[in-house]
file input.cif (mmCIF, C-alpha atoms)
data_start
#
loop_
_atom_site.label_atom_id
_atom_site.label_comp_id
_atom_site.auth_asym_id
_atom_site.auth_seq_id
_atom_site.Cartn_x
_atom_site.Cartn_y
_atom_site.Cartn_z
CA MET A 1 91.07 46.67 109.51
CA ALA A 2 87.73 48.10 108.40
CA PRO A 3 85.49 49.02 111.36
CA THR A 4 82.23 47.06 111.54
CA ARG A 5 80.38 49.76 113.50
CA PRO A 6 78.27 52.25 111.54
CA LEU A 7 80.19 55.32 110.40
CA SER A 8 78.80 58.83 110.16
CA PRO A 9 78.02 59.92 106.59
CA HIS A 10 80.94 61.46 104.76
CA LEU A 11 81.73 62.98 101.37
CA GLY A 12 80.64 59.89 99.42
CA ILE A 13 77.15 60.06 100.95
CA TYR A 14 76.25 63.73 100.88
CA ARG A 15 74.60 65.28 97.83
CA TRP A 16 76.73 68.10 96.39
CA GLN A 17 76.02 71.49 97.97
CA LEU A 18 77.31 74.95 97.14
CA THR A 19 78.10 75.68 100.77
CA MET A 20 80.41 72.66 101.21
CA THR A 21 82.23 73.56 97.99
CA LEU A 22 82.84 77.15 99.10
CA SER A 23 83.96 75.91 102.51
CA ILE A 24 86.74 73.70 101.14
CA LEU A 25 87.60 76.29 98.46
CA HIS A 26 88.21 78.84 101.24
CA ARG A 27 90.87 76.49 102.63
CA ALA A 28 92.29 75.62 99.21
CA THR A 29 92.58 79.27 98.13
CA GLY A 30 94.10 80.13 101.52
CA ILE A 31 96.81 77.52 101.02
CA ALA A 32 97.37 78.65 97.41
CA LEU A 33 97.71 82.27 98.54
CA ALA A 34 100.18 81.27 101.26
CA VAL A 35 102.32 79.68 98.52
CA GLY A 36 101.82 82.86 96.47
CA THR A 37 103.51 84.92 99.19
CA ILE A 38 106.79 83.50 97.82
CA LEU A 39 106.30 85.70 94.74
CA VAL A 40 105.53 88.74 96.94
CA VAL A 41 108.80 88.23 98.83
CA ALA A 42 110.75 87.51 95.63
CA ALA A 43 109.41 90.64 93.90
CA LEU A 44 110.16 92.90 96.88
CA LEU A 45 113.68 91.49 97.38
CA ALA A 46 114.39 91.75 93.65
CA LEU A 47 113.15 95.34 93.56
CA ALA A 48 115.50 96.14 96.46
CA ALA A 49 118.42 94.23 94.89
CA GLY A 50 118.55 95.93 91.50
CA PRO A 51 117.28 96.10 87.90
CA ASP A 52 118.64 92.70 86.81
CA PRO A 53 117.04 90.55 89.55
CA TYR A 54 113.83 92.56 89.12
CA ALA A 55 113.85 91.90 85.36
CA LYS A 56 114.15 88.16 86.09
CA VAL A 57 111.06 88.21 88.35
CA ARG A 58 109.14 90.20 85.74
CA ALA A 59 110.19 87.75 83.01
CA PHE A 60 108.91 84.85 85.14
CA CYS A 61 105.60 86.66 85.70
CA ALA A 62 105.25 87.30 81.96
CA SER A 63 105.96 83.66 81.02
CA PRO A 64 102.98 81.40 80.25
CA PHE A 65 103.45 79.49 83.54
CA GLY A 66 103.86 82.76 85.43
CA LEU A 67 100.68 84.20 83.91
CA PHE A 68 98.83 80.98 84.73
CA LEU A 69 99.95 81.25 88.36
CA LEU A 70 99.14 84.97 88.55
CA PHE A 71 95.66 84.40 87.11
CA GLY A 72 95.01 81.57 89.60
CA TRP A 73 96.29 83.66 92.49
CA THR A 74 94.15 86.61 91.40
CA TRP A 75 90.97 84.53 91.53
CA SER A 76 92.12 82.86 94.78
CA LEU A 77 92.66 86.30 96.33
CA CYS A 78 89.28 87.63 95.14
CA PHE A 79 87.49 84.49 96.33
CA HIS A 80 89.24 84.36 99.72
CA LEU A 81 88.53 88.09 100.20
CA CYS A 82 84.82 87.84 99.32
CA ASN A 83 84.25 84.59 101.21
CA GLY A 84 86.32 85.97 104.11
CA ILE A 85 83.90 88.89 104.37
CA ARG A 86 81.07 86.29 104.35
CA HIS A 87 82.85 84.52 107.22
CA LEU A 88 83.18 87.78 109.17
CA GLY A 89 79.41 88.21 108.76
CA TRP A 90 78.90 84.77 110.31
CA ASP A 91 81.33 85.70 113.13
CA ALA A 92 79.05 88.68 113.83
CA GLY A 93 76.07 86.31 113.89
CA TRP A 94 74.69 87.43 110.51
CA GLY A 95 73.65 85.22 107.60
CA PHE A 96 73.26 81.76 109.15
CA GLU A 97 69.76 81.21 107.70
CA ILE A 98 70.05 78.58 104.97
CA PRO A 99 68.56 80.71 102.14
CA ARG A 100 70.88 83.56 103.14
CA ALA A 101 73.94 81.25 103.27
CA TYR A 102 73.16 80.21 99.68
CA LEU A 103 72.46 83.78 98.53
CA THR A 104 75.74 85.09 99.97
CA GLY A 105 77.51 82.01 98.57
CA TRP A 106 76.42 82.77 95.02
CA ILE A 107 77.24 86.45 95.53
CA VAL A 108 80.78 85.38 96.52
CA VAL A 109 81.12 83.18 93.40
CA ILE A 110 79.93 85.92 91.03
CA ALA A 111 81.78 88.78 92.77
CA SER A 112 85.09 86.86 92.82
CA LEU A 113 84.80 86.14 89.08
CA LEU A 114 83.83 89.74 88.24
CA LEU A 115 86.73 91.12 90.32
CA THR A 116 89.18 88.75 88.63
CA ILE A 117 87.92 89.78 85.19
CA ALA A 118 88.10 93.48 86.17
CA ILE A 119 91.73 93.14 87.37
CA TRP A 120 92.87 91.33 84.22
CA THR A 121 90.98 93.79 82.04
CA CYS A 122 93.10 96.50 83.69
CA VAL A 123 96.24 94.49 82.88
CA ALA A 124 95.12 93.87 79.29
CA MET A 125 94.31 97.57 78.81
CA ARG A 126 97.77 98.44 80.20
CA GLY A 127 96.19 100.36 83.06
CA GLY A 128 93.76 102.23 80.85
CA ALA A 129 90.97 101.44 83.29
CA LEU A 130 92.90 102.64 86.35
CA MET B 1 74.36 73.99 140.75
CA ASN B 2 76.38 75.58 137.99
CA ALA B 3 79.47 73.52 137.23
CA THR B 4 81.64 76.63 136.87
CA GLU B 5 81.13 77.39 140.58
CA PHE B 6 83.58 74.59 141.37
CA GLN B 7 86.31 76.65 139.74
CA THR B 8 88.37 79.07 141.77
CA PRO B 9 88.39 82.70 140.53
CA LEU B 10 91.98 82.18 139.32
CA LYS B 11 90.98 79.06 137.38
CA ARG B 12 88.11 80.99 135.78
CA ALA B 13 90.40 83.87 134.84
CA LEU B 14 92.84 81.42 133.32
CA GLY B 15 89.99 79.39 131.75
CA LEU B 16 91.75 78.85 128.52
CA GLY B 17 90.82 75.28 127.61
CA SER B 18 93.09 72.44 126.58
CA ALA B 19 95.05 74.54 124.11
CA LYS B 20 95.95 76.95 126.98
CA SER B 21 95.40 79.90 124.67
CA GLY B 22 91.62 80.42 124.92
CA THR B 23 90.12 82.37 122.03
CA HIS B 24 93.38 84.19 121.24
CA HIS B 25 94.00 82.36 117.94
CA PHE B 26 90.40 82.89 116.81
CA ILE B 27 90.49 86.61 117.66
CA VAL B 28 93.88 87.34 116.03
CA GLN B 29 92.76 85.49 112.89
CA ARG B 30 89.70 87.79 112.70
CA VAL B 31 91.64 90.95 113.54
CA THR B 32 94.18 90.26 110.77
CA ALA B 33 91.28 89.35 108.43
CA VAL B 34 89.55 92.68 109.09
CA ALA B 35 92.86 94.52 108.53
CA LEU B 36 93.47 92.61 105.29
CA VAL B 37 90.13 93.58 103.70
CA PRO B 38 91.16 97.20 102.94
CA LEU B 39 94.86 96.27 102.59
CA VAL B 40 94.12 93.66 99.89
CA LEU B 41 91.95 96.12 97.95
CA TRP B 42 94.82 98.63 98.15
CA ILE B 43 97.53 96.08 97.25
CA VAL B 44 95.63 95.06 94.10
CA TYR B 45 95.53 98.71 93.01
CA PHE B 46 99.19 99.18 94.00
CA ALA B 47 100.36 95.96 92.30
CA LEU B 48 98.66 97.02 89.07
CA ARG B 49 100.50 100.38 89.22
CA VAL B 50 103.81 98.60 89.88
CA ALA B 51 103.13 96.11 87.08
CA LEU B 52 102.73 98.96 84.60
CA ALA B 53 105.84 100.79 85.83
CA ASP B 54 109.49 100.33 84.84
CA TYR B 55 112.17 99.55 87.47
CA ALA B 56 112.85 103.14 88.54
CA GLN B 57 109.16 104.01 88.68
CA ALA B 58 108.41 100.85 90.69
CA ARG B 59 111.10 101.80 93.23
CA ALA B 60 109.75 105.35 93.40
CA LEU B 61 106.27 103.96 94.17
CA VAL B 62 107.58 101.81 97.05
CA HIS B 63 109.77 104.75 98.20
CA GLU B 64 106.70 106.94 98.88
CA PRO B 65 106.21 106.92 102.70
CA LEU B 66 102.47 106.18 102.63
CA ASN B 67 102.98 103.29 100.20
CA ALA B 68 105.90 101.90 102.24
CA VAL B 69 103.85 102.00 105.45
CA LEU B 70 100.85 100.33 103.80
CA LEU B 71 103.16 97.69 102.29
CA LEU B 72 104.66 96.98 105.74
CA ALA B 73 101.17 96.73 107.22
CA PHE B 74 100.13 94.42 104.37
CA VAL B 75 103.04 91.96 104.67
CA THR B 76 102.72 91.90 108.48
CA ALA B 77 98.98 91.11 108.41
CA LEU B 78 99.47 88.77 105.43
CA PHE B 79 102.12 86.50 106.98
CA TRP B 80 100.44 86.58 110.40
CA HIS B 81 97.10 85.56 108.87
CA ALA B 82 98.76 82.93 106.66
CA GLN B 83 100.53 81.36 109.65
CA LEU B 84 97.29 81.20 111.67
CA GLY B 85 95.38 79.69 108.74
CA LEU B 86 98.02 77.10 107.81
CA GLN B 87 98.30 76.17 111.50
CA VAL B 88 94.61 75.19 111.57
CA VAL B 89 94.91 73.23 108.31
CA ILE B 90 97.85 71.25 109.73
CA GLU B 91 96.01 70.69 113.03
CA ASP B 92 93.03 69.31 111.09
CA TYR B 93 94.78 67.02 108.60
CA VAL B 94 98.22 66.04 109.92
CA HIS B 95 97.92 63.51 112.74
CA THR B 96 101.43 62.01 112.82
CA PRO B 97 102.97 63.72 115.87
CA TRP B 98 106.52 64.29 114.57
CA LEU B 99 105.23 65.36 111.17
CA GLU B 100 102.70 67.76 112.69
CA ILE B 101 105.29 69.42 114.93
CA THR B 102 107.75 69.65 112.03
CA ALA B 103 105.10 71.16 109.74
CA GLN B 104 103.94 73.66 112.38
CA LEU B 105 107.53 74.75 113.06
CA ALA B 106 108.29 75.02 109.34
CA VAL B 107 105.19 77.16 108.72
CA LYS B 108 106.01 79.48 111.64
CA ILE B 109 109.65 79.87 110.61
CA LEU B 110 108.86 80.41 106.92
CA CYS B 111 106.14 82.97 107.71
CA VAL B 112 108.43 84.93 110.04
CA LEU B 113 111.26 84.79 107.47
CA GLY B 114 108.90 85.91 104.71
CA ALA B 115 107.64 88.83 106.79
CA LEU B 116 111.18 89.87 107.81
CA ALA B 117 112.57 89.60 104.27
CA SER B 118 109.66 91.61 102.85
CA ALA B 119 109.99 94.25 105.56
CA LEU B 120 113.74 94.56 105.00
CA ALA B 121 113.25 95.02 101.24
CA ILE B 122 110.52 97.64 101.75
CA VAL B 123 112.59 99.58 104.31
CA GLN B 124 115.70 99.42 102.11
CA ILE B 125 113.81 100.95 99.19
CA ALA B 126 111.97 103.42 101.44
CA VAL B 127 115.09 104.92 103.03
CA ARG B 128 117.22 105.18 99.91
#
call {"tool": "encode", "arguments": {"input": "input.cif", "output": "structure tokens"}}
result
Amino acid sequence: MAPTRPLSPHLGIYRWQLTMTLSILHRATGIALAVGTILVVAALLALAAGPDPYAKVRAFCASPFGLFLLFGWTWSLCFHLCNGIRHLGWDAGWGFEIPRAYLTGWIVVIASLLLTIAIWTCVAMRGGAL
Amino acid sequence: MNATEFQTPLKRALGLGSAKSGTHHFIVQRVTAVALVPLVLWIVYFALRVALADYAQARALVHEPLNAVLLLAFVTALFWHAQLGLQVVIEDYVHTPWLEITAQLAVKILCVLGALASALAIVQIAVR
């Protein structure tokens, strides 16, 4: 039954804001990265098990779906890292002013994209940039 | 009169709120986050080196004591932080009691298994 009392404004009411987007993306990337730990475990176990299991994991990573996942996880990691540092700033009481929250938000967006591009440039150059 | 004066010293020392754990979860989440900042930067560098190596070279990289220790530190902080984060997500969105308890247990068990399996693999490669 739909309540007749007034409800507090929710997602359908609020105008889009950068800060709310980054907030939910922090959760989403965190969940995605938790799923990504499966690959970390699989790669380590395969490396310990022998060349054949390891080759299977590498083949999965090199497949189109594997590359898609790896690229998504790379950006998720870069975003969660950058926005996590932003959160640690807030925990220390720094950066709550609204202009500063937006400035650091855009820095997180740009830095996470640049880091992702830098990592995949390294991969594309076969480590030439390392 | 301050309301806290009604509490006995023991009650104040134990003042841990309804969750009975006080700020412990919050603090451990931040401690693992701080640890993961340098560890993630290192693991990206390390993963790129492993990605460009063949099987024997990859094993040799993990075999190096410093790398093995940093890998162990990384997977420990990683699975600990993941469990704490997923716990909060479940607390916020899953409100069916049996489902919430099942999900929380599953997350805890999977994170511990993931950490143990990773640690075993790292140690196996490190000691051989």
call {"tool": "residues_around", "arguments": {"input": "input.cif", "residues": "Val40 of chain B", "least_positions_apart": "5", "cutoff": "10 Å", "atoms": "only C-alpha atoms", "output": "count of residues only"}}
result
9
call {"tool": "resolve_selection", "arguments": {"input": "input.cif", "expression": "the PyMOL selection byres ((chain A) within 10 of (chain B))", "output": "PyMOL selection string"}}
result
chain A and resi 27-28+30-31+33-35+37-38+40-52+54-55+58+61+74+77-78+81-82+84-85+87-88+91+119-120+122-123+126-127+130
call {"tool": "axis_aligned_box", "arguments": {"input": "input.cif", "around": "segment 106-110 of chain A", "padding_each_side": "4 Å", "output": "AutoDock Vina command-line options"}}
result
--center_x 78.8 --center_y 84.6 --center_z 93.8 --size_x 12.7 --size_y 11.7 --size_z 13.5
call {"tool": "atom_distance", "arguments": {"input": "input.cif", "atom1": "atom CA of Gly72 of chain A", "atom2": "atom CA of Thr29 of chain A"}}
result
9.2 Å
call {"tool": "atom_distance", "arguments": {"input": "input.cif", "atom1": "atom CA of Trp98 of chain B", "atom2": "atom CA of Trp80 of chain B"}}
result
23.5 Å
call {"tool": "atom_distance", "arguments": {"input": "input.cif", "atom1": "atom CA of Gly22 of chain B", "atom2": "atom CA of Ser8 of chain A"}}
result
29.1 Å
call {"tool": "closest_residue", "arguments": {"input": "input.cif", "among": "B:Leu99, B:Ile109, B:Val50, B:Leu14", "to": "Asn67 of chain B", "atoms": "only C-alpha atoms"}}
result
B:Val50
call {"tool": "decode", "arguments": {"input": "input.cif", "residues": "segment 16-40 of chain A", "atoms": "N, CA and C atoms", "output": "PDB file, in the first residue's frame"}}
result
ATOM      1  N   TRP A  16      20.745  16.125 -10.810  1.00  0.00           N
ATOM      2  CA  TRP A  16      21.991  15.368 -10.840  1.00  0.00           C
ATOM      3  C   TRP A  16      23.133  16.193 -10.254  1.00  0.00           C
ATOM      4  N   GLN A  17      23.965  15.553  -9.440  1.00  0.00           N
ATOM      5  CA  GLN A  17      25.157  16.225  -8.921  1.00  0.00           C
ATOM      6  C   GLN A  17      26.349  15.293  -9.063  1.00  0.00           C
ATOM      7  N   LEU A  18      27.517  15.881  -9.295  1.00  0.00           N
ATOM      8  CA  LEU A  18      28.747  15.097  -9.393  1.00  0.00           C
ATOM      9  C   LEU A  18      28.983  14.295  -8.126  1.00  0.00           C
ATOM     10  N   THR A  19      28.772  14.951  -6.965  1.00  0.00           N
ATOM     11  CA  THR A  19      29.130  14.313  -5.700  1.00  0.00           C
ATOM     12  C   THR A  19      28.315  13.043  -5.438  1.00  0.00           C
ATOM     13  N   MET A  20      27.008  13.077  -5.813  1.00  0.00           N
ATOM     14  CA  MET A  20      26.194  11.870  -5.580  1.00  0.00           C
ATOM     15  C   MET A  20      26.620  10.740  -6.511  1.00  0.00           C
ATOM     16  N   THR A  21      27.051  11.110  -7.723  1.00  0.00           N
ATOM     17  CA  THR A  21      27.499  10.108  -8.686  1.00  0.00           C
ATOM     18  C   THR A  21      28.771   9.426  -8.196  1.00  0.00           C
ATOM     19  N   LEU A  22      29.726  10.230  -7.710  1.00  0.00           N
ATOM     20  CA  LEU A  22      30.979   9.661  -7.221  1.00  0.00           C
ATOM     21  C   LEU A  22      30.731   8.809  -5.990  1.00  0.00           C
ATOM     22  N   SER A  23      29.762   9.214  -5.164  1.00  0.00           N
ATOM     23  CA  SER A  23      29.452   8.461  -3.953  1.00  0.00           C
ATOM     24  C   SER A  23      28.991   7.044  -4.288  1.00  0.00           C
ATOM     25  N   ILE A  24      28.038   6.937  -5.224  1.00  0.00           N
ATOM     26  CA  ILE A  24      27.522   5.599  -5.544  1.00  0.00           C
ATOM     27  C   ILE A  24      28.551   4.822  -6.379  1.00  0.00           C
ATOM     28  N   LEU A  25      29.362   5.558  -7.184  1.00  0.00           N
ATOM     29  CA  LEU A  25      30.411   4.867  -7.946  1.00  0.00           C
ATOM     30  C   LEU A  25      31.470   4.264  -7.013  1.00  0.00           C
ATOM     31  N   HIS A  26      31.706   4.909  -5.869  1.00  0.00           N
ATOM     32  CA  HIS A  26      32.679   4.354  -4.924  1.00  0.00           C
ATOM     33  C   HIS A  26      32.208   2.981  -4.453  1.00  0.00           C
ATOM     34  N   ARG A  27      30.908   2.870  -4.177  1.00  0.00           N
ATOM     35  CA  ARG A  27      30.323   1.584  -3.784  1.00  0.00           C
ATOM     36  C   ARG A  27      30.385   0.584  -4.937  1.00  0.00           C
ATOM     37  N   ALA A  28      29.948   1.047  -6.116  1.00  0.00           N
ATOM     38  CA  ALA A  28      29.880   0.146  -7.273  1.00  0.00           C
ATOM     39  C   ALA A  28      31.265  -0.391  -7.616  1.00  0.00           C
ATOM     40  N   THR A  29      32.274   0.500  -7.637  1.00  0.00           N
ATOM     41  CA  THR A  29      33.628   0.031  -7.970  1.00  0.00           C
ATOM     42  C   THR A  29      34.156  -0.875  -6.867  1.00  0.00           C
ATOM     43  N   GLY A  30      33.781  -0.598  -5.615  1.00  0.00           N
ATOM     44  CA  GLY A  30      34.205  -1.465  -4.516  1.00  0.00           C
ATOM     45  C   GLY A  30      33.665  -2.873  -4.688  1.00  0.00           C
ATOM     46  N   ILE A  31      32.391  -2.977  -5.060  1.00  0.00           N
ATOM     47  CA  ILE A  31      31.783  -4.294  -5.285  1.00  0.00           C
ATOM     48  C   ILE A  31      32.446  -4.977  -6.482  1.00  0.00           C
ATOM     49  N   ALA A  32      32.664  -4.213  -7.557  1.00  0.00           N
ATOM     50  CA  ALA A  32      33.307  -4.776  -8.755  1.00  0.00           C
ATOM     51  C   ALA A  32      34.699  -5.304  -8.418  1.00  0.00           C
ATOM     52  N   LEU A  33      35.444  -4.545  -7.622  1.00  0.00           N
ATOM     53  CA  LEU A  33      36.804  -4.959  -7.262  1.00  0.00           C
ATOM     54  C   LEU A  33      36.779  -6.184  -6.365  1.00  0.00           C
ATOM     55  N   ALA A  34      35.763  -6.300  -5.496  1.00  0.00           N
ATOM     56  CA  ALA A  34      35.638  -7.486  -4.658  1.00  0.00           C
ATOM     57  C   ALA A  34      35.431  -8.721  -5.536  1.00  0.00           C
ATOM     58  N   VAL A  35      34.619  -8.574  -6.599  1.00  0.00           N
ATOM     59  CA  VAL A  35      34.442  -9.683  -7.546  1.00  0.00           C
ATOM     60  C   VAL A  35      35.770  -9.965  -8.261  1.00  0.00           C
ATOM     61  N   GLY A  36      36.509  -8.892  -8.566  1.00  0.00           N
ATOM     62  CA  GLY A  36      37.791  -9.034  -9.258  1.00  0.00           C
ATOM     63  C   GLY A  36      38.841  -9.791  -8.467  1.00  0.00           C
ATOM     64  N   THR A  37      38.666  -9.879  -7.137  1.00  0.00           N
ATOM     65  CA  THR A  37      39.629 -10.637  -6.344  1.00  0.00           C
ATOM     66  C   THR A  37      39.649 -12.115  -6.752  1.00  0.00           C
ATOM     67  N   ILE A  38      38.543 -12.584  -7.383  1.00  0.00           N
ATOM     68  CA  ILE A  38      38.506 -13.974  -7.858  1.00  0.00           C
ATOM     69  C   ILE A  38      39.658 -14.207  -8.840  1.00  0.00           C
ATOM     70  N   LEU A  39      39.904 -13.221  -9.714  1.00  0.00           N
ATOM     71  CA  LEU A  39      40.991 -13.364 -10.695  1.00  0.00           C
ATOM     72  C   LEU A  39      42.352 -13.348  -9.994  1.00  0.00           C
ATOM     73  N   VAL A  40      42.489 -12.526  -8.947  1.00  0.00           N
ATOM     74  CA  VAL A  40      43.746 -12.476  -8.191  1.00  0.00           C
ATOM     75  C   VAL A  40      44.048 -13.859  -7.615  1.00  0.00           C
TER      76      VAL A  40
END
